[in-house]
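Enquirer: Structure: protein_27.pdb, PDB, C-alpha atoms.
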ATOM      1  CA  MET G   1       8.071  -0.863  -6.094
ATOM      2  CA  LYS G   2       6.976  -3.930  -7.993
ATOM      3  CA  ILE G   3       7.140  -7.608  -7.178
ATOM      4  CA  SER G   4       8.779  -9.618  -9.955
ATOM      5  CA  GLU G   5       6.421 -11.466 -12.307
ATOM      6  CA  GLY G   6       8.379 -14.535 -11.265
ATOM      7  CA  VAL G   7       6.436 -14.620  -8.003
ATOM      8  CA  GLU G   8       3.151 -15.088  -9.864
ATOM      9  CA  TRP G   9       4.758 -17.686 -12.129
ATOM     10  CA  ALA G  10       6.261 -19.582  -9.201
ATOM     11  CA  ALA G  11       3.000 -19.553  -7.234
ATOM     12  CA  HIS G  12       1.103 -21.019 -10.183
ATOM     13  CA  ALA G  13       3.897 -23.535 -10.753
ATOM     14  CA  CYS G  14       3.562 -24.714  -7.144
ATOM     15  CA  ALA G  15      -0.223 -24.980  -7.500
ATOM     16  CA  LEU G  16       0.282 -27.149 -10.594
ATOM     17  CA  LEU G  17       2.913 -29.285  -8.843
ATOM     18  CA  ALA G  18       0.400 -29.891  -6.051
ATOM     19  CA  ALA G  19      -1.533 -32.023  -8.567
ATOM     20  CA  VAL G  20       1.470 -34.233  -9.373
ATOM     21  CA  PRO G  21       1.030 -37.729  -7.894
ATOM     22  CA  GLU G  22       3.552 -39.005  -5.364
ATOM     23  CA  GLY G  23       6.810 -40.096  -6.981
ATOM     24  CA  GLY G  24       6.097 -38.058 -10.116
ATOM     25  CA  ALA G  25       7.757 -34.914 -11.376
ATOM     26  CA  LEU G  26       7.043 -32.283 -14.025
ATOM     27  CA  SER G  27       9.721 -30.855 -16.295
ATOM     28  CA  ALA G  28      10.368 -27.109 -16.420
ATOM     29  CA  GLY G  29       9.186 -27.224 -20.026
ATOM     30  CA  ALA G  30       5.858 -28.774 -19.069
ATOM     31  CA  ILE G  31       5.333 -26.354 -16.182
ATOM     32  CA  ALA G  32       6.044 -23.401 -18.492
ATOM     33  CA  ALA G  33       3.799 -24.826 -21.219
ATOM     34  CA  PHE G  34       0.844 -25.182 -18.825
ATOM     35  CA  ASN G  35       0.553 -21.373 -18.688
ATOM     36  CA  ASP G  36       2.145 -20.684 -22.073
ATOM     37  CA  LEU G  37       5.247 -19.094 -20.489
ATOM     38  CA  PRO G  38       8.852 -19.033 -21.722
ATOM     39  CA  LYS G  39      10.678 -22.141 -20.520
ATOM     40  CA  ALA G  40      14.035 -20.461 -19.790
ATOM     41  CA  TYR G  41      12.561 -17.956 -17.331
ATOM     42  CA  MET G  42      10.355 -20.553 -15.710
ATOM     43  CA  ALA G  43      13.411 -22.802 -15.279
ATOM     44  CA  LYS G  44      15.205 -19.948 -13.514
ATOM     45  CA  HIS G  45      12.310 -19.465 -11.082
ATOM     46  CA  LEU G  46      12.075 -23.218 -10.457
ATOM     47  CA  GLN G  47      15.764 -23.249  -9.591
ATOM     48  CA  ALA G  48      15.133 -20.439  -7.106
ATOM     49  CA  LEU G  49      12.243 -22.432  -5.599
ATOM     50  CA  ALA G  50      14.534 -25.466  -5.354
ATOM     51  CA  LYS G  51      17.300 -23.449  -3.725
ATOM     52  CA  ALA G  52      14.801 -22.210  -1.138
ATOM     53  CA  GLY G  53      13.597 -25.752  -0.427
ATOM     54  CA  VAL G  54      10.068 -25.220  -1.782
ATOM     55  CA  VAL G  55      10.432 -27.733  -4.608
ATOM     56  CA  VAL G  56      12.918 -30.523  -5.250
ATOM     57  CA  SER G  57      14.645 -31.278  -8.497
ATOM     58  CA  VAL G  58      14.414 -34.909  -9.637
ATOM     59  CA  ARG G  59      17.059 -36.160 -12.071
ATOM     60  CA  GLY G  60      16.627 -38.714 -14.839
ATOM     61  CA  ALA G  61      14.493 -39.332 -17.910
ATOM     62  CA  GLN G  62      11.287 -38.862 -15.900
ATOM     63  CA  GLY G  63      12.886 -36.043 -13.932
ATOM     64  CA  GLY G  64      11.730 -32.533 -13.286
ATOM     65  CA  TYR G  65      10.321 -30.852 -10.223
ATOM     66  CA  ARG G  66       7.938 -31.736  -7.444
ATOM     67  CA  LEU G  67       6.925 -30.000  -4.227
ATOM     68  CA  ALA G  68       9.354 -30.499  -1.381
ATOM     69  CA  ARG G  69       6.523 -30.901   1.143
ATOM     70  CA  PRO G  70       2.717 -31.068   1.233
ATOM     71  CA  PRO G  71       0.999 -28.048  -0.379
ATOM     72  CA  ALA G  72      -0.649 -27.201   2.953
ATOM     73  CA  GLU G  73       2.875 -26.619   4.322
ATOM     74  CA  ILE G  74       3.982 -24.216   1.588
ATOM     75  CA  SER G  75       2.792 -20.638   1.934
ATOM     76  CA  LEU G  76       2.739 -17.814  -0.560
ATOM     77  CA  TRP G  77       5.339 -16.158   1.666
ATOM     78  CA  ASP G  78       7.641 -19.159   1.074
ATOM     79  CA  VAL G  79       7.179 -18.638  -2.667
ATOM     80  CA  ARG G  80       7.678 -14.887  -2.533
ATOM     81  CA  ARG G  81      10.788 -15.248  -0.368
ATOM     82  CA  ALA G  82      12.236 -17.869  -2.738
ATOM     83  CA  ILE G  83      11.925 -15.536  -5.729
ATOM     84  CA  GLU G  84      12.500 -12.102  -4.183
ATOM     85  CA  GLY G  85      14.888 -13.038  -1.408
ATOM     86  CA  PRO G  86      14.239 -13.078   2.332
ATOM     87  CA  GLY G  87      14.355  -9.321   2.790
ATOM     88  CA  PRO G  88      13.942  -7.093   4.622
ATOM     89  CA  ASP G  89      12.627  -4.836   1.844
ATOM     90  CA  PHE G  90      13.441  -1.746   3.879
ATOM     91  CA  HIS G  91      17.111  -1.139   4.337
ATOM     92  CA  CYS G  92      18.149   1.241   7.114
ATOM     93  CA  ALA G  93      21.269   3.165   6.119
ATOM     94  CA  ASN G  94      21.177   5.057   9.436
ATOM     95  CA  ILE G  95      21.354   8.415   7.685
ATOM     96  CA  ARG G  96      20.368  10.081  10.954
ATOM     97  CA  LEU G  97      23.889   9.315  12.193
ATOM     98  CA  LYS G  98      25.337  11.669   9.580
ATOM     99  CA  GLY G  99      25.348  15.427   9.336
ATOM    100  CA  PRO G 100      26.117  18.516  11.412
ATOM    101  CA  CYS G 101      23.751  17.775  14.327
ATOM    102  CA  VAL G 102      24.867  14.277  15.227
ATOM    103  CA  ALA G 103      25.858  13.840  18.834
ATOM    104  CA  PRO G 104      29.502  13.052  19.628
ATOM    105  CA  LYS G 105      28.382   9.619  20.818
ATOM    106  CA  PRO G 106      25.102   8.958  18.992
ATOM    107  CA  SER G 107      22.912   6.028  19.926
ATOM    108  CA  SER G 108      23.456   3.552  17.140
ATOM    109  CA  GLY G 109      21.065   0.972  15.718
ATOM    110  CA  PRO G 110      18.014   1.419  13.539
ATOM    111  CA  CYS G 111      15.584   4.204  14.380
ATOM    112  CA  ALA G 112      11.801   4.333  14.722
ATOM    113  CA  ILE G 113      11.367   4.628  10.952
ATOM    114  CA  ALA G 114      13.188   1.372  10.240
ATOM    115  CA  HIS G 115      11.355  -0.427  13.037
ATOM    116  CA  ALA G 116       7.983   0.734  11.669
ATOM    117  CA  PHE G 117       8.826  -0.546   8.188
ATOM    118  CA  TRP G 118      10.008  -3.890   9.526
ATOM    119  CA  GLU G 119       6.867  -4.200  11.650
ATOM    120  CA  ALA G 120       4.782  -3.607   8.506
ATOM    121  CA  GLU G 121       6.823  -6.239   6.683
ATOM    122  CA  ARG G 122       6.061  -8.705   9.465
ATOM    123  CA  ALA G 123       2.332  -8.017   9.035
ATOM    124  CA  TYR G 124       2.728  -8.620   5.300
ATOM    125  CA  GLN G 125       4.622 -11.851   5.878
ATOM    126  CA  ALA G 126       2.052 -13.076   8.389
ATOM    127  CA  ALA G 127      -0.762 -12.469   5.905
ATOM    128  CA  LEU G 128       1.017 -14.229   3.044
ATOM    129  CA  GLY G 129       2.236 -16.943   5.391
ATOM    130  CA  SER G 130      -1.337 -17.874   6.253
ATOM    131  CA  MET G 131      -2.233 -18.569   2.610
ATOM    132  CA  THR G 132      -0.955 -21.943   1.455
ATOM    133  CA  ILE G 133      -0.603 -23.599  -1.933
ATOM    134  CA  ALA G 134      -3.317 -25.995  -0.760
ATOM    135  CA  ASP G 135      -5.668 -23.003  -0.276
ATOM    136  CA  VAL G 136      -4.770 -21.752  -3.750
ATOM    137  CA  VAL G 137      -5.487 -25.161  -5.305
ATOM    138  CA  VAL G 138      -8.849 -25.433  -3.549
ATOM    139  CA  GLN G 139      -9.883 -22.021  -4.825
ATOM    140  CA  ALA G 140      -8.574 -22.726  -8.342
ATOM    141  CA  ALA G 141     -10.457 -26.038  -8.442
ATOM    142  CA  ARG G 142     -13.684 -24.230  -7.494
ATOM    143  CA  GLU G 143     -13.313 -22.152 -10.652
ATOM    144  CA  GLN G 144     -13.304 -25.302 -12.814
ATOM    145  CA  ASP G 145     -16.228 -27.386 -13.939
ATOM    146  CA  ALA G 146     -15.935 -31.183 -14.351
ATOM    147  CA  GLU G 147     -14.801 -30.769 -17.937
ATOM    148  CA  GLY G 148     -12.041 -28.366 -16.925
ATOM    149  CA  LEU G 149     -10.769 -30.684 -14.215
ATOM    150  CA  SER G 150     -10.630 -33.670 -16.569
ATOM    151  CA  ARG G 151      -8.874 -31.548 -19.211
ATOM    152  CA  ILE G 152      -6.184 -30.714 -16.633
ATOM    153  CA  ALA G 153      -5.967 -34.339 -15.468
ATOM    154  CA  ALA G 154      -5.482 -35.527 -19.046
ATOM    155  CA  TRP G 155      -2.817 -32.901 -19.679
ATOM    156  CA  LEU G 156      -0.998 -33.942 -16.500
ATOM    157  CA  ARG G 157      -1.055 -37.643 -17.438
ATOM    158  CA  ALA G 158       0.524 -36.818 -20.787
ATOM    159  CA  ALA G 159       3.107 -34.491 -19.242
ATOM    160  CA  LEU G 160       4.284 -36.754 -16.430
TER
ATOM    161  CA  MET A   1      12.729  -6.720  -3.642
ATOM    162  CA  LYS A   2      14.093  -3.573  -2.074
ATOM    163  CA  ILE A   3      12.472  -0.320  -1.107
ATOM    164  CA  SER A   4      14.292   2.670  -2.571
ATOM    165  CA  GLU A   5      16.652   4.500  -0.226
ATOM    166  CA  GLY A   6      14.549   7.545  -1.093
ATOM    167  CA  VAL A   7      11.870   6.321   1.318
ATOM    168  CA  GLU A   8      14.279   6.527   4.255
ATOM    169  CA  TRP A   9      15.486   9.936   3.067
ATOM    170  CA  ALA A  10      11.956  11.242   2.630
ATOM    171  CA  ALA A  11      10.825   9.971   6.043
ATOM    172  CA  HIS A  12      13.734  11.709   7.755
ATOM    173  CA  ALA A  13      13.090  14.838   5.698
ATOM    174  CA  CYS A  14       9.486  14.903   6.922
ATOM    175  CA  ALA A  15      10.622  14.411  10.523
ATOM    176  CA  LEU A  16      12.974  17.374  10.124
ATOM    177  CA  LEU A  17      10.247  19.499   8.506
ATOM    178  CA  ALA A  18       8.028  18.752  11.506
ATOM    179  CA  ALA A  19      10.382  20.997  13.510
ATOM    180  CA  VAL A  20      10.008  23.957  11.154
ATOM    181  CA  PRO A  21       7.931  26.718  12.758
ATOM    182  CA  GLU A  22       4.683  27.803  11.118
ATOM    183  CA  GLY A  23       5.245  29.974   8.059
ATOM    184  CA  GLY A  24       8.820  28.786   7.683
ATOM    185  CA  ALA A  25      10.341  26.541   5.048
ATOM    186  CA  LEU A  26      13.576  24.627   4.576
ATOM    187  CA  SER A  27      15.447  24.477   1.284
ATOM    188  CA  ALA A  28      16.242  21.159  -0.366
ATOM    189  CA  GLY A  29      19.914  21.955   0.191
ATOM    190  CA  ALA A  30      19.411  22.414   3.946
ATOM    191  CA  ILE A  31      17.310  19.258   4.241
ATOM    192  CA  ALA A  32      19.993  17.280   2.393
ATOM    193  CA  ALA A  33      22.782  18.839   4.460
ATOM    194  CA  PHE A  34      21.086  17.872   7.740
ATOM    195  CA  ASN A  35      21.864  14.198   7.011
ATOM    196  CA  ASP A  36      24.873  14.813   4.761
ATOM    197  CA  LEU A  37      23.026  13.596   1.653
ATOM    198  CA  PRO A  38      23.395  14.668  -1.985
ATOM    199  CA  LYS A  39      21.161  17.668  -2.685
ATOM    200  CA  ALA A  40      20.077  16.653  -6.207
ATOM    201  CA  TYR A  41      18.624  13.316  -5.090
ATOM    202  CA  MET A  42      16.996  14.836  -2.029
ATOM    203  CA  ALA A  43      15.425  17.505  -4.251
ATOM    204  CA  LYS A  44      13.977  14.753  -6.441
ATOM    205  CA  HIS A  45      12.421  13.001  -3.442
ATOM    206  CA  LEU A  46      11.048  16.291  -2.088
ATOM    207  CA  GLN A  47       9.396  16.914  -5.441
ATOM    208  CA  ALA A  48       7.791  13.470  -5.212
ATOM    209  CA  LEU A  49       6.564  14.290  -1.692
ATOM    210  CA  ALA A  50       5.152  17.572  -2.985
ATOM    211  CA  LYS A  51       3.427  15.874  -5.902
ATOM    212  CA  ALA A  52       1.809  13.449  -3.451
ATOM    213  CA  GLY A  53       0.633  16.303  -1.220
ATOM    214  CA  VAL A  54       2.819  15.379   1.762
ATOM    215  CA  VAL A  55       4.892  18.575   1.637
ATOM    216  CA  VAL A  56       4.321  21.914  -0.067
ATOM    217  CA  SER A  57       6.850  23.881  -2.017
ATOM    218  CA  VAL A  58       7.204  27.527  -0.983
ATOM    219  CA  ARG A  59       8.625  29.952  -3.550
ATOM    220  CA  GLY A  60      10.800  32.973  -2.881
ATOM    221  CA  ALA A  61      14.064  33.911  -1.198
ATOM    222  CA  GLN A  62      13.002  32.218   2.053
ATOM    223  CA  GLY A  63      11.371  29.412   0.081
ATOM    224  CA  GLY A  64      11.782  25.684   0.311
ATOM    225  CA  TYR A  65       9.559  22.976   1.687
ATOM    226  CA  ARG A  66       7.258  22.534   4.636
ATOM    227  CA  LEU A  67       4.806  19.826   5.642
ATOM    228  CA  ALA A  68       1.429  20.052   3.933
ATOM    229  CA  ARG A  69      -0.411  19.121   7.146
ATOM    230  CA  PRO A  70       0.323  18.413  10.809
ATOM    231  CA  PRO A  71       2.898  15.640  11.361
ATOM    232  CA  ALA A  72       0.299  13.581  13.227
ATOM    233  CA  GLU A  73      -1.667  13.457   9.959
ATOM    234  CA  ILE A  74       1.204  12.189   7.804
ATOM    235  CA  SER A  75       1.928   8.474   8.012
ATOM    236  CA  LEU A  76       4.931   6.488   6.888
ATOM    237  CA  TRP A  77       2.593   4.910   4.336
ATOM    238  CA  ASP A  78       1.979   8.396   2.868
ATOM    239  CA  VAL A  79       5.748   8.811   2.568
ATOM    240  CA  ARG A  80       6.340   5.375   1.101
ATOM    241  CA  ARG A  81       3.502   5.827  -1.403
ATOM    242  CA  ALA A  82       4.846   9.227  -2.444
ATOM    243  CA  ILE A  83       8.262   7.779  -3.273
ATOM    244  CA  GLU A  84       7.431   4.277  -4.498
ATOM    245  CA  GLY A  85       4.044   4.934  -6.061
ATOM    246  CA  PRO A  86       0.637   3.809  -4.850
ATOM    247  CA  GLY A  87       1.031   0.180  -5.901
ATOM    248  CA  PRO A  88      -0.141  -2.498  -5.820
ATOM    249  CA  ASP A  89       3.278  -4.139  -5.620
ATOM    250  CA  PHE A  90       1.867  -7.410  -6.897
ATOM    251  CA  HIS A  91       0.763  -7.305 -10.494
ATOM    252  CA  CYS A  92      -1.590 -10.063 -11.659
ATOM    253  CA  ALA A  93      -0.932 -10.916 -15.313
ATOM    254  CA  ASN A  94      -3.634 -13.618 -15.203
ATOM    255  CA  ILE A  95      -1.260 -16.248 -16.547
ATOM    256  CA  ARG A  96      -3.772 -18.915 -15.531
ATOM    257  CA  LEU A  97      -5.908 -17.773 -18.467
ATOM    258  CA  LYS A  98      -3.218 -18.931 -20.885
ATOM    259  CA  GLY A  99      -2.140 -22.399 -21.953
ATOM    260  CA  PRO A 100      -3.592 -25.681 -23.178
ATOM    261  CA  CYS A 101      -5.994 -26.305 -20.276
ATOM    262  CA  VAL A 102      -7.862 -23.018 -20.229
ATOM    263  CA  ALA A 103     -11.621 -23.398 -20.464
ATOM    264  CA  PRO A 104     -13.359 -22.089 -23.579
ATOM    265  CA  LYS A 105     -15.010 -19.450 -21.393
ATOM    266  CA  PRO A 106     -12.673 -19.035 -18.419
ATOM    267  CA  SER A 107     -13.725 -17.028 -15.400
ATOM    268  CA  SER A 108     -11.779 -13.811 -15.708
ATOM    269  CA  GLY A 109     -10.476 -11.520 -12.988
ATOM    270  CA  PRO A 110      -7.621 -12.008 -10.563
ATOM    271  CA  CYS A 111      -7.236 -15.377  -8.861
ATOM    272  CA  ALA A 112      -6.702 -16.417  -5.244
ATOM    273  CA  ILE A 113      -2.968 -15.755  -5.521
ATOM    274  CA  ALA A 114      -3.424 -12.112  -6.478
ATOM    275  CA  HIS A 115      -6.064 -11.588  -3.802
ATOM    276  CA  ALA A 116      -3.753 -13.040  -1.145
ATOM    277  CA  PHE A 117      -0.926 -10.713  -2.163
ATOM    278  CA  TRP A 118      -3.209  -7.683  -2.161
ATOM    279  CA  GLU A 119      -4.584  -8.664   1.245
ATOM    280  CA  ALA A 120      -1.001  -8.824   2.552
ATOM    281  CA  GLU A 121      -0.315  -5.409   1.042
ATOM    282  CA  ARG A 122      -3.340  -4.016   2.879
ATOM    283  CA  ALA A 123      -1.932  -5.377   6.164
ATOM    284  CA  TYR A 124       1.395  -3.703   5.343
ATOM    285  CA  GLN A 125      -0.290  -0.412   4.522
ATOM    286  CA  ALA A 126      -2.376  -0.521   7.691
ATOM    287  CA  ALA A 127       0.737  -1.041   9.805
ATOM    288  CA  LEU A 128       2.676   1.782   8.124
ATOM    289  CA  GLY A 129      -0.423   3.953   8.086
ATOM    290  CA  SER A 130      -0.635   3.795  11.870
ATOM    291  CA  MET A 131       2.880   5.242  12.324
ATOM    292  CA  THR A 132       2.938   8.992  11.847
ATOM    293  CA  ILE A 133       5.709  11.526  11.414
ATOM    294  CA  ALA A 134       4.684  12.850  14.842
ATOM    295  CA  ASP A 135       5.407   9.403  16.329
ATOM    296  CA  VAL A 136       8.784   9.356  14.583
ATOM    297  CA  VAL A 137       9.670  12.804  15.933
ATOM    298  CA  VAL A 138       8.697  11.836  19.487
ATOM    299  CA  GLN A 139      10.899   8.756  19.343
ATOM    300  CA  ALA A 140      13.775  10.636  17.718
ATOM    301  CA  ALA A 141      13.579  13.344  20.397
ATOM    302  CA  ARG A 142      13.788  10.688  23.112
ATOM    303  CA  GLU A 143      17.156   9.655  21.682
ATOM    304  CA  GLN A 144      18.530  13.183  22.170
ATOM    305  CA  ASP A 145      19.805  14.791  25.334
ATOM    306  CA  ALA A 146      19.315  18.520  26.020
ATOM    307  CA  GLU A 147      22.545  19.364  24.253
ATOM    308  CA  GLY A 148      21.508  17.452  21.151
ATOM    309  CA  LEU A 149      18.125  19.171  21.031
ATOM    310  CA  SER A 150      19.669  22.639  21.327
ATOM    311  CA  ARG A 151      22.241  21.755  18.648
ATOM    312  CA  ILE A 152      19.379  20.883  16.264
ATOM    313  CA  ALA A 153      17.429  24.006  17.255
ATOM    314  CA  ALA A 154      20.473  26.218  16.564
ATOM    315  CA  TRP A 155      21.042  24.528  13.207
ATOM    316  CA  LEU A 156      17.380  25.044  12.273
ATOM    317  CA  ARG A 157      17.480  28.761  13.189
ATOM    318  CA  ALA A 158      20.488  29.220  10.923
ATOM    319  CA  ALA A 159      18.948  27.204   8.092
ATOM    320  CA  LEU A 160      15.513  28.855   8.038
TER
END
Could the structure of this file be written out as structure tokens, please?
Expert:
Amino acid sequence: MKISEGVEWAAHACALLAAVPEGGALSAGAIAAFNDLPKAYMAKHLQALAKAGVVVSVRGAQGGYRLARPPAEISLWDVRRAIEGPGPDFHCANIRLKGPCVAPKPSSGPCAIAHAFWEAERAYQAALGSMTIADVVVQAAREQDAEGLSRIAAWLRAAL
Amino acid sequence: MKISEGVEWAAHACALLAAVPEGGALSAGAIAAFNDLPKAYMAKHLQALAKAGVVVSVRGAQGGYRLARPPAEISLWDVRRAIEGPGPDFHCANIRLKGPCVAPKPSSGPCAIAHAFWEAERAYQAALGSMTIADVVVQAAREQDAEGLSRIAAWLRAAL
């Protein structure tokens, strides 16, 4: 099982949008260009983020996208859910209720296997939910020297 | 993102194999029939379980499959990994190392986003890893009354 590359793209897009000043917006083209990605696919992922309420779409000549709320209130789980859907990843088809040994009146509902998978998914969600876009930005900024940060700032000024 | 239905099938197959007496084996056809599933697909999943060392294939007229080790030593993570592959689910393509703002000598290696996803995957694995086929069997048995248990036992005797 693989997570779509769109999750990585969307997470980086949100980290970039965290640097957009209040009232500003970045176009899908600019967001894609920042990581040298194809605009059409990035636009699709941004629409998914917008649909999930992670970013908002701003119309007009200076339009584009911005975060829907502060980066400290957007988790990587929010991003993953926006791109991959809310889940659950494990689907219980209740196969134990089929076959020659099923009781005349079987107890219905998901079994221990399904519950264990959903419990694991909750642990996954909790872990991703505790990592915010603000955390990502802080760690990304630590990787940059002063020159890198001013290069990004200059790029952003031109792109806004 | 969805987990393949094969994971549910394989988990139930392992729970059924836990009831096979020592030295015995169940054919792919019997395992599929127990939950009214198509034999060809079940055979494919059993081969994946065998390749991962969760079950062993027994040749001969009374051949088939049996668990490779005690059910208390097989976790749902073992089953999931056998069917879906070892992962990781999140693939880091290092897109942050592309684009107009990348430093001349960027720090390589996965970023905070990838590490957060892999940390969440470890939490998921730990949760699934703590649920064994023995646990599943105990809970499944609790759902059965005496009649149900003897129906399964009779079916098993005929199938072995």
Enquirer: Starting from the displayed file, determine the output of the ChimeraX specification (/G :<6) & /A and express the residue list as a list in words.
Expert: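 Against this file, the ChimeraX specification (/G :<6) & /A returns the residues Met1, Lys2, Ile3, Phe34, Asn35, Asp36, Glu84, Asp89, Phe90, Ile95, Arg96, Lys98, Gly99, Cys101, Ala112, Ala120, Ala123, Tyr124, Ala127, Leu128, Val136 and Ile152 of chain A.
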Enquirer: Just the number, please: distance in Å from atom CA of Val54 of chain G to atom CA of Glu73 of chain G, one decimal.
Expert: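 Atom CA of Glu73 of chain G lies at a distance of 9.5 Å from atom CA of Val54 of chain G.
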Enquirer: Would you list the contacts of segment 40-50 of chain A as a list in words, taking every protein, DNA or RNA residue within 6 Å and counting all atoms listed in the file, but skipping same-chain residues closer than 5 positions in sequence?
Expert: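 The residues satisfying every condition are Ala28, Ala32, Val55, Val56 and Ala82 of chain A.
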Enquirer: To one decimal place in Å, what is the distance between atom CA of Ser27 of chain A and atom CA of Arg69 of chain A?
Expert: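 Computing it gives 17.7 Å between the two atoms.
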Enquirer: Of the residues G:Ala10, G:Ala141, G:Val58, G:Ala146, which is the one nearest to Gly23 of chain G, using all atoms listed in the file?
Expert: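 Smallest separation from Gly23 of chain G among the options: G:Val58.
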Enquirer: What does the distance from atom CA of Leu26 of chain A to atom CA of Ser57 of chain A come to in Å, to one decimal?
Expert: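 Atom-to-atom, atom CA of Leu26 of chain A to atom CA of Ser57 of chain A, that is 9.4 Å.
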Enquirer: For a quick check of understanding, using only C-alpha atoms, which of A:Ala158, A:Val79, A:Ala30, A:Ala25 has the smallest distance to Gly64 of chain A?
Expert: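 Between A:Ala158, A:Val79, A:Ala30, A:Ala25, the residue approaching Gly64 of chain A most closely is A:Ala25.
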Enquirer: Return as JSON the centre and edge lengths, in Å with one decimal, of the box along x, y and z that encloses every atom of segment 97-105 of chain G in the file, padded by 4 Å per side.
Expert:
{"center_x": 26.6, "center_y": 13.9, "center_z": 15.1, "size_x": 13.8, "size_y": 17.2, "size_z": 19.5}
